[in-house]
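The file query14.cif contains mmCIF, C-alpha atoms; chains and numbers go by the auth columns:
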data_structure
#
loop_
_atom_site.group_PDB
_atom_site.id
_atom_site.type_symbol
_atom_site.label_atom_id
_atom_site.label_comp_id
_atom_site.label_asym_id
_atom_site.label_seq_id
_atom_site.Cartn_x
_atom_site.Cartn_y
_atom_site.Cartn_z
_atom_site.B_iso_or_equiv
_atom_site.auth_seq_id
_atom_site.auth_asym_id
ATOM 1 C CA TYR A 1 -7.384 -7.643 -4.610 0.00 1 O
ATOM 2 C CA LYS A 2 -5.272 -4.470 -4.559 0.00 2 O
ATOM 3 C CA ARG A 3 -6.597 -3.557 -7.998 0.00 3 O
ATOM 4 C CA GLN A 4 -10.230 -3.768 -6.884 0.00 4 O
ATOM 5 C CA LEU A 5 -9.513 -1.972 -3.631 0.00 5 O
ATOM 6 C CA LEU A 6 -7.794 0.908 -5.427 0.00 6 O
ATOM 7 C CA VAL A 7 -10.973 1.735 -7.378 0.00 7 O
ATOM 8 C CA PHE A 8 -13.568 0.395 -4.907 0.00 8 O
ATOM 9 C CA PRO A 9 -16.578 2.702 -5.314 0.00 9 O
ATOM 10 C CA VAL A 10 -16.793 3.710 -1.652 0.00 10 O
ATOM 11 C CA PRO A 11 -14.178 5.409 0.534 0.00 11 O
ATOM 12 C CA THR A 12 -11.854 2.878 2.188 0.00 12 O
ATOM 13 C CA VAL A 13 -9.950 3.247 5.448 0.00 13 O
ATOM 14 C CA ALA A 14 -7.122 1.023 6.695 0.00 14 O
ATOM 15 C CA ALA A 15 -6.417 0.715 10.425 0.00 15 O
ATOM 16 C CA VAL A 16 -2.728 -0.241 10.547 0.00 16 O
ATOM 17 C CA ASN A 17 -2.140 -2.013 13.849 0.00 17 O
ATOM 18 C CA GLY A 18 1.499 -3.020 13.318 0.00 18 O
ATOM 19 C CA HIS A 19 4.116 -3.414 10.619 0.00 19 O
ATOM 20 C CA ALA A 20 3.120 -2.999 6.959 0.00 20 O
ATOM 21 C CA ILE A 21 6.075 -4.395 5.060 0.00 21 O
ATOM 22 C CA ALA A 22 6.156 -5.344 1.339 0.00 22 O
ATOM 23 C CA GLY A 23 2.697 -6.749 0.467 0.00 23 O
ATOM 24 C CA GLY A 24 1.243 -5.344 3.687 0.00 24 O
ATOM 25 C CA MET A 25 2.427 -1.910 2.621 0.00 25 O
ATOM 26 C CA ALA A 26 0.813 -2.319 -0.808 0.00 26 O
ATOM 27 C CA LEU A 27 -2.457 -3.486 0.761 0.00 27 O
ATOM 28 C CA ALA A 28 -2.589 -0.538 3.167 0.00 28 O
ATOM 29 C CA LEU A 29 -1.689 1.942 0.412 0.00 29 O
ATOM 30 C CA ALA A 30 -4.468 0.627 -1.818 0.00 30 O
ATOM 31 C CA HIS A 31 -6.916 2.177 0.687 0.00 31 O
ATOM 32 C CA ASP A 32 -7.995 5.795 0.361 0.00 32 O
ATOM 33 C CA PHE A 33 -7.005 6.638 3.935 0.00 33 O
ATOM 34 C CA ARG A 34 -4.633 5.060 6.441 0.00 34 O
ATOM 35 C CA ILE A 35 -4.620 5.447 10.208 0.00 35 O
ATOM 36 C CA MET A 36 -1.677 3.948 12.077 0.00 36 O
ATOM 37 C CA ARG A 37 -0.835 3.242 15.685 0.00 37 O
ATOM 38 C CA GLU A 38 1.403 5.974 17.028 0.00 38 O
ATOM 39 C CA ASP A 39 3.481 3.656 19.197 0.00 39 O
ATOM 40 C CA LEU A 40 4.071 0.635 16.971 0.00 40 O
ATOM 41 C CA GLY A 41 4.566 -0.274 13.375 0.00 41 O
ATOM 42 C CA MET A 42 6.597 0.523 10.332 0.00 42 O
ATOM 43 C CA PHE A 43 6.003 0.806 6.608 0.00 43 O
ATOM 44 C CA GLY A 44 8.628 -0.320 4.134 0.00 44 O
ATOM 45 C CA MET A 45 9.766 -2.464 1.260 0.00 45 O
ATOM 46 C CA SER A 46 12.004 -5.386 2.105 0.00 46 O
ATOM 47 C CA GLU A 47 12.685 -6.576 -1.450 0.00 47 O
ATOM 48 C CA VAL A 48 16.141 -5.008 -1.855 0.00 48 O
ATOM 49 C CA ASN A 49 17.127 -6.464 1.541 0.00 49 O
ATOM 50 C CA ILE A 50 16.249 -10.004 0.467 0.00 50 O
ATOM 51 C CA GLY A 51 17.478 -9.810 -3.135 0.00 51 O
ATOM 52 C CA MET A 52 14.070 -9.749 -4.772 0.00 52 O
ATOM 53 C CA ASN A 53 12.810 -7.553 -7.609 0.00 53 O
ATOM 54 C CA LEU A 54 9.796 -5.282 -7.119 0.00 54 O
ATOM 55 C CA PRO A 55 6.658 -6.541 -8.880 0.00 55 O
ATOM 56 C CA PRO A 56 5.235 -3.910 -11.263 0.00 56 O
ATOM 57 C CA GLY A 57 1.863 -4.055 -9.503 0.00 57 O
ATOM 58 C CA PHE A 58 3.486 -3.173 -6.203 0.00 58 O
ATOM 59 C CA VAL A 59 5.464 -0.313 -7.734 0.00 59 O
ATOM 60 C CA THR A 60 2.397 1.199 -9.385 0.00 60 O
ATOM 61 C CA ILE A 61 0.520 1.361 -6.070 0.00 61 O
ATOM 62 C CA LEU A 62 3.512 3.051 -4.468 0.00 62 O
ATOM 63 C CA GLN A 63 3.683 5.550 -7.335 0.00 63 O
ATOM 64 C CA ALA A 64 -0.048 6.224 -7.126 0.00 64 O
ATOM 65 C CA LYS A 65 -0.026 6.979 -3.431 0.00 65 O
ATOM 66 C CA LEU A 66 3.387 8.206 -2.334 0.00 66 O
ATOM 67 C CA ASN A 67 5.837 11.011 -2.924 0.00 67 O
ATOM 68 C CA PRO A 68 8.403 9.926 -5.568 0.00 68 O
ATOM 69 C CA ARG A 69 11.263 10.553 -3.117 0.00 69 O
ATOM 70 C CA VAL A 70 9.742 8.133 -0.595 0.00 70 O
ATOM 71 C CA VAL A 71 9.185 5.501 -3.309 0.00 71 O
ATOM 72 C CA SER A 72 12.759 5.632 -4.588 0.00 72 O
ATOM 73 C CA GLU A 73 14.353 5.860 -1.153 0.00 73 O
ATOM 74 C CA SER A 74 12.399 2.937 0.209 0.00 74 O
ATOM 75 C CA ALA A 75 12.905 0.805 -2.912 0.00 75 O
ATOM 76 C CA ILE A 76 16.636 1.481 -3.257 0.00 76 O
ATOM 77 C CA THR A 77 17.635 1.423 0.421 0.00 77 O
ATOM 78 C CA GLY A 78 15.015 -0.860 1.956 0.00 78 O
ATOM 79 C CA ARG A 79 14.371 1.806 4.591 0.00 79 O
ATOM 80 C CA TYR A 80 11.539 1.237 7.039 0.00 80 O
ATOM 81 C CA TYR A 81 9.543 4.272 8.182 0.00 81 O
ATOM 82 C CA LYS A 82 8.375 4.431 11.797 0.00 82 O
ATOM 83 C CA SER A 83 4.939 5.796 12.629 0.00 83 O
ATOM 84 C CA LYS A 84 5.914 9.461 13.077 0.00 84 O
ATOM 85 C CA GLU A 85 7.917 9.347 9.833 0.00 85 O
ATOM 86 C CA CYS A 86 4.956 7.748 8.080 0.00 86 O
ATOM 87 C CA LEU A 87 2.823 10.723 9.026 0.00 87 O
ATOM 88 C CA GLU A 88 5.572 13.203 8.110 0.00 88 O
ATOM 89 C CA TYR A 89 6.079 11.658 4.640 0.00 89 O
ATOM 90 C CA GLY A 90 2.363 11.224 3.888 0.00 90 O
ATOM 91 C CA ILE A 91 2.400 7.423 4.021 0.00 91 O
ATOM 92 C CA VAL A 92 -0.411 7.542 6.582 0.00 92 O
ATOM 93 C CA ASP A 93 -3.016 10.212 7.181 0.00 93 O
ATOM 94 C CA ARG A 94 -2.967 10.188 10.946 0.00 94 O
ATOM 95 C CA LEU A 95 -1.716 8.427 14.057 0.00 95 O
ATOM 96 C CA GLU A 96 -3.791 7.131 16.942 0.00 96 O
ATOM 97 C CA LYS A 97 -3.216 5.462 20.280 0.00 97 O
ATOM 98 C CA LYS A 98 -3.612 1.671 20.262 0.00 98 O
ATOM 99 C CA GLU A 99 -6.902 1.808 22.162 0.00 99 O
ATOM 100 C CA ASN A 100 -8.373 4.417 19.755 0.00 100 O
ATOM 101 C CA LEU A 101 -7.135 3.002 16.431 0.00 101 O
ATOM 102 C CA LEU A 102 -10.100 0.906 15.362 0.00 102 O
ATOM 103 C CA ASN A 103 -12.691 3.413 16.580 0.00 103 O
ATOM 104 C CA ALA A 104 -10.887 6.236 14.767 0.00 104 O
ATOM 105 C CA ALA A 105 -10.903 4.226 11.528 0.00 105 O
ATOM 106 C CA ILE A 106 -14.585 3.365 11.924 0.00 106 O
ATOM 107 C CA GLU A 107 -15.471 6.992 12.684 0.00 107 O
ATOM 108 C CA LEU A 108 -13.608 8.219 9.613 0.00 108 O
ATOM 109 C CA ALA A 109 -15.312 5.570 7.469 0.00 109 O
ATOM 110 C CA LYS A 110 -18.723 6.634 8.811 0.00 110 O
ATOM 111 C CA LYS A 111 -17.921 10.290 8.111 0.00 111 O
ATOM 112 C CA LEU A 112 -16.873 9.445 4.543 0.00 112 O
ATOM 113 C CA ALA A 113 -19.757 7.024 3.890 0.00 113 O
ATOM 114 C CA ILE A 114 -21.941 9.748 2.426 0.00 114 O
ATOM 115 C CA LYS A 115 -19.372 10.194 -0.356 0.00 115 O
ATOM 116 C CA GLY A 116 -19.959 6.574 -1.351 0.00 116 O
ATOM 117 C CA GLN A 117 -23.726 6.873 -1.703 0.00 117 O
ATOM 118 C CA ASP A 118 -23.391 7.370 -5.426 0.00 118 O
ATOM 119 C CA ARG A 119 -21.054 4.492 -6.159 0.00 119 O
ATOM 120 C CA LEU A 120 -21.128 5.119 -9.889 0.00 120 O
ATOM 121 C CA ILE A 121 -19.754 8.628 -9.489 0.00 121 O
ATOM 122 C CA LEU A 122 -17.129 7.745 -6.876 0.00 122 O
ATOM 123 C CA GLY A 123 -16.113 4.646 -8.855 0.00 123 O
ATOM 124 C CA ASP A 124 -15.675 6.829 -11.961 0.00 124 O
ATOM 125 C CA ILE A 125 -13.641 9.391 -10.002 0.00 125 O
ATOM 126 C CA LYS A 126 -11.330 6.707 -8.630 0.00 126 O
ATOM 127 C CA MET A 127 -10.974 5.083 -12.036 0.00 127 O
ATOM 128 C CA THR A 128 -10.042 8.469 -13.503 0.00 128 O
ATOM 129 C CA LEU A 129 -7.496 9.043 -10.747 0.00 129 O
ATOM 130 C CA TYR A 130 -5.958 5.575 -10.973 0.00 130 O
ATOM 131 C CA LYS A 131 -6.681 4.372 -14.533 0.00 131 O
ATOM 132 C CA ASN A 132 -3.045 3.854 -15.543 0.00 132 O
ATOM 133 C CA HIS A 133 -2.262 2.128 -12.250 0.00 133 O
ATOM 134 C CA TYR A 134 -5.372 -0.048 -12.541 0.00 134 O
ATOM 135 C CA ASP A 135 -4.312 -1.117 -16.044 0.00 135 O
ATOM 136 C CA ILE A 136 -0.829 -2.060 -14.820 0.00 136 O
ATOM 137 C CA LEU A 137 -2.307 -4.030 -11.934 0.00 137 O
ATOM 138 C CA THR A 138 -4.677 -5.802 -14.338 0.00 138 O
ATOM 139 C CA ARG A 139 -1.919 -6.639 -16.820 0.00 139 O
ATOM 140 C CA ASP A 140 0.635 -7.681 -14.240 0.00 140 O
ATOM 141 C CA SER A 141 -1.525 -9.481 -11.683 0.00 141 O
ATOM 142 C CA MET A 142 -1.113 -12.708 -13.621 0.00 142 O
ATOM 143 C CA THR A 143 2.657 -12.389 -13.934 0.00 143 O
ATOM 144 C CA ASP A 144 3.626 -11.138 -10.456 0.00 144 O
ATOM 145 C CA MET A 145 3.357 -14.491 -8.740 0.00 145 O
ATOM 146 C CA SER A 146 4.702 -16.526 -11.646 0.00 146 O
ATOM 147 C CA MET A 147 7.774 -14.279 -11.886 0.00 147 O
ATOM 148 C CA PHE A 148 8.323 -14.640 -8.150 0.00 148 O
ATOM 149 C CA VAL A 149 8.239 -18.428 -8.502 0.00 149 O
ATOM 150 C CA VAL A 150 10.648 -18.341 -11.475 0.00 150 O
ATOM 151 C CA HIS A 151 13.117 -16.123 -9.575 0.00 151 O
ATOM 152 C CA ARG A 152 12.958 -18.357 -6.514 0.00 152 O
ATOM 153 C CA MET A 153 13.519 -21.468 -8.644 0.00 153 O
ATOM 154 C CA ILE A 154 16.565 -19.856 -10.283 0.00 154 O
ATOM 155 C CA ASP A 155 17.878 -18.822 -6.885 0.00 155 O
ATOM 156 C CA MET A 156 17.401 -22.339 -5.509 0.00 156 O
ATOM 157 C CA ALA A 157 19.259 -23.834 -8.486 0.00 157 O
ATOM 158 C CA ARG A 158 22.365 -21.680 -7.929 0.00 158 O
ATOM 159 C CA PRO A 159 25.292 -23.542 -6.447 0.00 159 O
ATOM 160 C CA ARG A 160 25.867 -22.698 -2.791 0.00 160 O
ATOM 161 C CA LEU A 161 29.339 -21.735 -1.632 0.00 161 O
#
Could you take the file, read its structure, and then write that structure out as C-alpha coordinates?
Amino acid sequence: YKRQLLVFPVPTVAAVNGHAIAGGMALALAHDFRIMREDLGMFGMSEVNIGMNLPPGFVTILQAKLNPRVVSESAITGRYYKSKECLEYGIVDRLEKKENLLNAAIELAKKLAIKGQDRLILGDIKMTLYKNHYDILTRDSMTDMSMFVVHRMIDMARPRL
(Lines of atoms letter the chains of each structure in order from A and count residues from 1; the text may use other names and numbers.)
(Lines give C-alpha, C1' and ligand atoms only; values in the text may rest on other atoms or scores of the structure.)
Protein backbone atom coordinates (compact mmCIF):
# COMPACT_ATOMS: atom_id res chain seq x y z
CA TYR A 1 0.00 0.00 0.00
CA LYS A 2 2.85 2.42 0.74
CA ARG A 3 4.28 1.75 -2.72
CA GLN A 4 1.04 2.69 -4.47
CA LEU A 5 0.50 5.69 -2.24
CA LEU A 6 3.99 7.03 -2.94
CA VAL A 7 3.25 7.30 -6.68
CA PHE A 8 -0.54 7.76 -6.52
CA PRO A 9 -1.37 10.02 -9.47
CA VAL A 10 -3.14 12.70 -7.42
CA PRO A 11 -1.80 14.80 -4.54
CA THR A 12 -2.25 13.05 -1.18
CA VAL A 13 -2.61 14.64 2.24
CA ALA A 14 -2.34 12.88 5.61
CA ALA A 15 -4.10 14.31 8.67
CA VAL A 16 -2.03 12.96 11.58
CA ASN A 17 -4.28 12.94 14.64
CA GLY A 18 -1.90 11.24 17.08
CA HIS A 19 1.27 9.18 17.21
CA ALA A 20 2.83 7.92 13.96
CA ILE A 21 5.33 5.33 15.11
CA ALA A 22 7.07 2.70 12.91
CA GLY A 23 4.53 1.62 10.25
CA GLY A 24 2.33 4.62 11.04
CA MET A 25 5.28 6.87 10.31
CA ALA A 26 5.92 5.12 6.98
CA LEU A 27 2.24 5.39 6.03
CA ALA A 28 2.10 9.11 6.82
CA LEU A 29 5.39 9.77 5.00
CA ALA A 30 4.13 8.00 1.88
CA HIS A 31 1.71 10.94 1.45
CA ASP A 32 2.76 14.07 -0.41
CA PHE A 33 1.80 16.36 2.47
CA ARG A 34 1.33 15.84 6.19
CA ILE A 35 -0.61 17.99 8.63
CA MET A 36 -0.30 17.14 12.31
CA ARG A 37 -2.06 18.14 15.49
CA GLU A 38 -0.05 20.79 17.28
CA ASP A 39 -0.87 19.51 20.76
CA LEU A 40 -0.55 15.74 20.43
CA GLY A 41 1.42 13.14 18.60
CA MET A 42 4.91 12.03 17.79
CA PHE A 43 6.73 10.57 14.82
CA GLY A 44 9.44 7.98 15.28
CA MET A 45 10.90 4.57 14.69
CA SER A 46 10.68 2.11 17.54
CA GLU A 47 12.63 -0.75 15.93
CA VAL A 48 15.95 -0.14 17.70
CA ASN A 49 14.07 0.09 21.02
CA ILE A 50 12.49 -3.34 20.56
CA GLY A 51 15.46 -5.11 18.97
CA MET A 52 14.05 -5.30 15.47
CA ASN A 53 15.76 -4.59 12.15
CA LEU A 54 14.40 -1.91 9.80
CA PRO A 55 12.65 -3.35 6.73
CA PRO A 56 14.18 -2.01 3.49
CA GLY A 57 10.78 -0.75 2.34
CA PHE A 58 10.44 1.35 5.46
CA VAL A 59 13.95 2.75 5.13
CA THR A 60 13.43 3.74 1.50
CA ILE A 61 10.33 5.78 2.36
CA LEU A 62 12.25 7.54 5.11
CA GLN A 63 15.11 8.28 2.70
CA ALA A 64 12.70 9.55 0.05
CA LYS A 65 10.96 11.98 2.35
CA LEU A 66 13.26 13.03 5.18
CA ASN A 67 16.54 14.77 5.82
CA PRO A 68 19.34 12.15 6.12
CA ARG A 69 20.22 13.42 9.61
CA VAL A 70 16.66 12.79 10.82
CA VAL A 71 16.63 9.31 9.26
CA SER A 72 19.89 8.23 10.89
CA GLU A 73 19.16 9.84 14.24
CA SER A 74 15.73 8.29 14.50
CA ALA A 75 16.90 4.86 13.30
CA ILE A 76 19.98 4.69 15.52
CA THR A 77 18.57 6.26 18.69
CA GLY A 78 14.87 5.45 18.44
CA ARG A 79 14.12 9.12 19.09
CA TYR A 80 10.52 10.27 18.88
CA TYR A 81 9.84 13.75 17.50
CA LYS A 82 7.06 15.82 19.06
CA SER A 83 4.81 17.94 16.87
CA LYS A 84 6.87 21.16 16.95
CA GLU A 85 10.04 19.17 16.21
CA CYS A 86 8.26 17.42 13.36
CA LEU A 87 7.57 20.78 11.76
CA GLU A 88 11.10 22.03 12.47
CA TYR A 89 12.73 18.94 10.88
CA GLY A 90 10.38 18.80 7.88
CA ILE A 91 8.63 15.59 8.93
CA VAL A 92 5.29 17.37 8.64
CA ASP A 93 4.33 20.37 6.56
CA ARG A 94 2.23 22.17 9.11
CA LEU A 95 0.56 21.96 12.50
CA GLU A 96 -3.09 22.57 13.30
CA LYS A 97 -5.32 22.65 16.34
CA LYS A 98 -7.28 19.45 16.98
CA GLU A 99 -10.57 21.01 15.91
CA ASN A 100 -9.07 22.32 12.63
CA LEU A 101 -6.97 19.30 11.62
CA LEU A 102 -9.36 17.45 9.34
CA ASN A 103 -10.73 20.61 7.72
CA ALA A 104 -7.19 21.87 7.08
CA ALA A 105 -6.27 18.58 5.40
CA ILE A 106 -9.43 18.62 3.29
CA GLU A 107 -8.86 22.25 2.29
CA LEU A 108 -5.28 21.52 1.24
CA ALA A 109 -6.44 18.48 -0.74
CA LYS A 110 -9.09 20.58 -2.50
CA LYS A 111 -6.51 23.26 -3.30
CA LEU A 112 -4.14 20.64 -4.74
CA ALA A 113 -6.85 18.70 -6.61
CA ILE A 114 -6.33 20.69 -9.79
CA LYS A 115 -2.78 19.32 -9.96
CA GLY A 116 -4.23 15.81 -10.14
CA GLN A 117 -6.52 16.50 -13.10
CA ASP A 118 -3.96 15.07 -15.47
CA ARG A 119 -3.21 11.87 -13.61
CA LEU A 120 -0.87 10.62 -16.31
CA ILE A 121 1.42 13.61 -15.95
CA LEU A 122 1.37 13.70 -12.14
CA GLY A 123 1.82 9.91 -11.99
CA ASP A 124 4.85 10.22 -14.29
CA ILE A 125 6.29 13.05 -12.19
CA LYS A 126 5.93 11.03 -8.99
CA MET A 127 7.38 7.93 -10.61
CA THR A 128 10.36 9.99 -11.77
CA LEU A 129 10.83 11.41 -8.29
CA TYR A 130 10.48 8.07 -6.51
CA LYS A 131 11.45 5.43 -9.10
CA ASN A 132 14.31 3.92 -7.09
CA HIS A 133 12.23 3.90 -3.92
CA TYR A 134 9.26 2.38 -5.76
CA ASP A 135 11.50 -0.40 -7.09
CA ILE A 136 12.81 -1.18 -3.60
CA LEU A 137 9.27 -1.24 -2.22
CA THR A 138 8.20 -3.55 -5.06
CA ARG A 139 11.14 -5.91 -4.57
CA ASP A 140 10.99 -5.97 -0.80
CA SER A 141 7.24 -5.94 -0.16
CA MET A 142 7.19 -9.72 -0.38
CA THR A 143 10.12 -10.19 1.98
CA ASP A 144 9.39 -7.59 4.68
CA MET A 145 6.74 -9.60 6.46
CA SER A 146 8.41 -12.97 5.96
CA MET A 147 11.68 -11.64 7.41
CA PHE A 148 9.79 -10.23 10.38
CA VAL A 149 8.24 -13.65 11.02
CA VAL A 150 11.63 -15.40 10.70
CA HIS A 151 13.26 -12.96 13.15
CA ARG A 152 10.42 -13.38 15.64
CA MET A 153 10.63 -17.18 15.37
CA ILE A 154 14.39 -17.07 16.02
CA ASP A 155 13.84 -14.74 18.96
CA MET A 156 11.17 -17.03 20.41
CA ALA A 157 13.47 -20.05 20.09
CA ARG A 158 16.27 -18.42 22.11
CA PRO A 159 16.64 -19.77 25.62
CA ARG A 160 15.35 -17.37 28.26
CA LEU A 161 17.54 -16.53 31.23
**Message:** Just to confirm, what's the straight-line distance from atom CA of Leu101 of chain O to atom CA of Gly24 of chain O in Å (one decimal)?
**Reply:** 17.4 Å
**Request:** Report as an MDAnalysis selection string the residues that result from applying the PyMOL selection byres ((chain O and resi 79) around 10) to the structure here.
**Result:** chainID O and resid 42:46 48:49 70 73:78 80:82
**Request:** Specify as an MDAnalysis selection string each residue included when the PyMOL selection byres ((chain O and resi 63) around 12) is applied to this file.
**Result:** chainID O and resid 26 29:30 56:62 64:72 74:75 91 130 132:134 136
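The closest residue to Leu6 of chain O, picked from O:Ile125, O:Leu87, O:Ala22, O:Val92 and counting only C-alpha atoms, is O:Ile125.
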Report the residues retrieved by the PyMOL selection byres ((chain O and resi 9) around 10) from the displayed file, expressed as a PDB file with C-alpha atoms, in the frame of the given file.
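Wrote it out as part.pdb, contents follow:
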ATOM      1  CA  GLN O   4     -10.230  -3.768  -6.884  1.00  0.00           C
ATOM      2  CA  LEU O   5      -9.513  -1.972  -3.631  1.00  0.00           C
ATOM      3  CA  LEU O   6      -7.794   0.908  -5.427  1.00  0.00           C
ATOM      4  CA  VAL O   7     -10.973   1.735  -7.378  1.00  0.00           C
ATOM      5  CA  PHE O   8     -13.568   0.395  -4.907  1.00  0.00           C
ATOM      6  CA  VAL O  10     -16.793   3.710  -1.652  1.00  0.00           C
ATOM      7  CA  PRO O  11     -14.178   5.409   0.534  1.00  0.00           C
ATOM      8  CA  THR O  12     -11.854   2.878   2.188  1.00  0.00           C
ATOM      9  CA  LYS O 115     -19.372  10.194  -0.356  1.00  0.00           C
ATOM     10  CA  GLY O 116     -19.959   6.574  -1.351  1.00  0.00           C
ATOM     11  CA  GLN O 117     -23.726   6.873  -1.703  1.00  0.00           C
ATOM     12  CA  ASP O 118     -23.391   7.370  -5.426  1.00  0.00           C
ATOM     13  CA  ARG O 119     -21.054   4.492  -6.159  1.00  0.00           C
ATOM     14  CA  LEU O 120     -21.128   5.119  -9.889  1.00  0.00           C
ATOM     15  CA  ILE O 121     -19.754   8.628  -9.489  1.00  0.00           C
ATOM     16  CA  LEU O 122     -17.129   7.745  -6.876  1.00  0.00           C
ATOM     17  CA  GLY O 123     -16.113   4.646  -8.855  1.00  0.00           C
ATOM     18  CA  ASP O 124     -15.675   6.829 -11.961  1.00  0.00           C
ATOM     19  CA  ILE O 125     -13.641   9.391 -10.002  1.00  0.00           C
ATOM     20  CA  LYS O 126     -11.330   6.707  -8.630  1.00  0.00           C
ATOM     21  CA  MET O 127     -10.974   5.083 -12.036  1.00  0.00           C
TER      22      MET O 127
END
**Message:** Just the number, please: distance in Å from atom CA of Gly18 of chain O to atom CA of Ile114 of chain O, one decimal.
**Reply:**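 A separation of 28.8 Å between them.
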Take segment 77-101 of chain O, bring it up to N, CA and C atoms, and give me the output as a PDB file, in the coordinates of the input.
ATOM      1  N   THR O  77      16.915   1.655  -0.835  1.00  0.00           N
ATOM      2  CA  THR O  77      17.635   1.423   0.421  1.00  0.00           C
ATOM      3  C   THR O  77      16.994   0.371   1.315  1.00  0.00           C
ATOM      4  N   GLY O  78      15.722   0.062   1.069  1.00  0.00           N
ATOM      5  CA  GLY O  78      15.015  -0.860   1.956  1.00  0.00           C
ATOM      6  C   GLY O  78      14.666  -0.232   3.295  1.00  0.00           C
ATOM      7  N   ARG O  79      14.658   1.088   3.341  1.00  0.00           N
ATOM      8  CA  ARG O  79      14.371   1.806   4.591  1.00  0.00           C
ATOM      9  C   ARG O  79      12.957   1.506   5.087  1.00  0.00           C
ATOM     10  N   TYR O  80      12.842   1.365   6.388  1.00  0.00           N
ATOM     11  CA  TYR O  80      11.539   1.237   7.039  1.00  0.00           C
ATOM     12  C   TYR O  80      11.221   2.563   7.724  1.00  0.00           C
ATOM     13  N   TYR O  81       9.983   3.006   7.613  1.00  0.00           N
ATOM     14  CA  TYR O  81       9.543   4.272   8.182  1.00  0.00           C
ATOM     15  C   TYR O  81       8.715   4.001   9.435  1.00  0.00           C
ATOM     16  N   LYS O  82       9.129   4.566  10.553  1.00  0.00           N
ATOM     17  CA  LYS O  82       8.375   4.431  11.797  1.00  0.00           C
ATOM     18  C   LYS O  82       7.150   5.333  11.744  1.00  0.00           C
ATOM     19  N   SER O  83       6.250   5.136  12.682  1.00  0.00           N
ATOM     20  CA  SER O  83       4.939   5.796  12.629  1.00  0.00           C
ATOM     21  C   SER O  83       5.015   7.314  12.435  1.00  0.00           C
ATOM     22  N   LYS O  84       5.830   7.995  13.215  1.00  0.00           N
ATOM     23  CA  LYS O  84       5.914   9.461  13.077  1.00  0.00           C
ATOM     24  C   LYS O  84       6.457   9.862  11.703  1.00  0.00           C
ATOM     25  N   GLU O  85       7.396   9.087  11.176  1.00  0.00           N
ATOM     26  CA  GLU O  85       7.917   9.347   9.833  1.00  0.00           C
ATOM     27  C   GLU O  85       6.844   9.071   8.779  1.00  0.00           C
ATOM     28  N   CYS O  86       6.039   8.060   9.018  1.00  0.00           N
ATOM     29  CA  CYS O  86       4.956   7.748   8.080  1.00  0.00           C
ATOM     30  C   CYS O  86       3.992   8.923   7.951  1.00  0.00           C
ATOM     31  N   LEU O  87       3.692   9.547   9.063  1.00  0.00           N
ATOM     32  CA  LEU O  87       2.823  10.723   9.026  1.00  0.00           C
ATOM     33  C   LEU O  87       3.539  11.889   8.340  1.00  0.00           C
ATOM     34  N   GLU O  88       4.783  12.111   8.685  1.00  0.00           N
ATOM     35  CA  GLU O  88       5.572  13.203   8.110  1.00  0.00           C
ATOM     36  C   GLU O  88       5.687  13.086   6.586  1.00  0.00           C
ATOM     37  N   TYR O  89       5.884  11.873   6.076  1.00  0.00           N
ATOM     38  CA  TYR O  89       6.079  11.658   4.640  1.00  0.00           C
ATOM     39  C   TYR O  89       4.777  11.362   3.882  1.00  0.00           C
ATOM     40  N   GLY O  90       3.639  11.417   4.564  1.00  0.00           N
ATOM     41  CA  GLY O  90       2.363  11.224   3.888  1.00  0.00           C
ATOM     42  C   GLY O  90       2.032   9.773   3.577  1.00  0.00           C
ATOM     43  N   ILE O  91       2.707   8.843   4.233  1.00  0.00           N
ATOM     44  CA  ILE O  91       2.400   7.423   4.021  1.00  0.00           C
ATOM     45  C   ILE O  91       1.093   7.074   4.716  1.00  0.00           C
ATOM     46  N   VAL O  92       0.862   7.684   5.877  1.00  0.00           N
ATOM     47  CA  VAL O  92      -0.411   7.542   6.582  1.00  0.00           C
ATOM     48  C   VAL O  92      -1.013   8.919   6.761  1.00  0.00           C
ATOM     49  N   ASP O  93      -2.309   8.940   7.044  1.00  0.00           N
ATOM     50  CA  ASP O  93      -3.016  10.212   7.181  1.00  0.00           C
ATOM     51  C   ASP O  93      -3.073  10.720   8.613  1.00  0.00           C
ATOM     52  N   ARG O  94      -3.008   9.773   9.549  1.00  0.00           N
ATOM     53  CA  ARG O  94      -2.967  10.188  10.946  1.00  0.00           C
ATOM     54  C   ARG O  94      -2.531   9.035  11.828  1.00  0.00           C
ATOM     55  N   LEU O  95      -2.147   9.399  13.059  1.00  0.00           N
ATOM     56  CA  LEU O  95      -1.716   8.427  14.057  1.00  0.00           C
ATOM     57  C   LEU O  95      -2.714   8.425  15.199  1.00  0.00           C
ATOM     58  N   GLU O  96      -2.876   7.267  15.804  1.00  0.00           N
ATOM     59  CA  GLU O  96      -3.791   7.131  16.942  1.00  0.00           C
ATOM     60  C   GLU O  96      -3.167   6.217  17.992  1.00  0.00           C
ATOM     61  N   LYS O  97      -3.616   6.382  19.219  1.00  0.00           N
ATOM     62  CA  LYS O  97      -3.216   5.462  20.280  1.00  0.00           C
ATOM     63  C   LYS O  97      -3.832   4.093  20.005  1.00  0.00           C
ATOM     64  N   LYS O  98      -3.165   3.056  20.493  1.00  0.00           N
ATOM     65  CA  LYS O  98      -3.612   1.671  20.262  1.00  0.00           C
ATOM     66  C   LYS O  98      -5.098   1.503  20.577  1.00  0.00           C
ATOM     67  N   GLU O  99      -5.509   2.010  21.728  1.00  0.00           N
ATOM     68  CA  GLU O  99      -6.902   1.808  22.162  1.00  0.00           C
ATOM     69  C   GLU O  99      -7.911   2.602  21.330  1.00  0.00           C
ATOM     70  N   ASN O 100      -7.470   3.593  20.568  1.00  0.00           N
ATOM     71  CA  ASN O 100      -8.373   4.417  19.755  1.00  0.00           C
ATOM     72  C   ASN O 100      -8.336   4.068  18.267  1.00  0.00           C
ATOM     73  N   LEU O 101      -7.389   3.231  17.853  1.00  0.00           N
ATOM     74  CA  LEU O 101      -7.135   3.002  16.431  1.00  0.00           C
ATOM     75  C   LEU O 101      -8.378   2.538  15.668  1.00  0.00           C
TER      76      LEU O 101
END
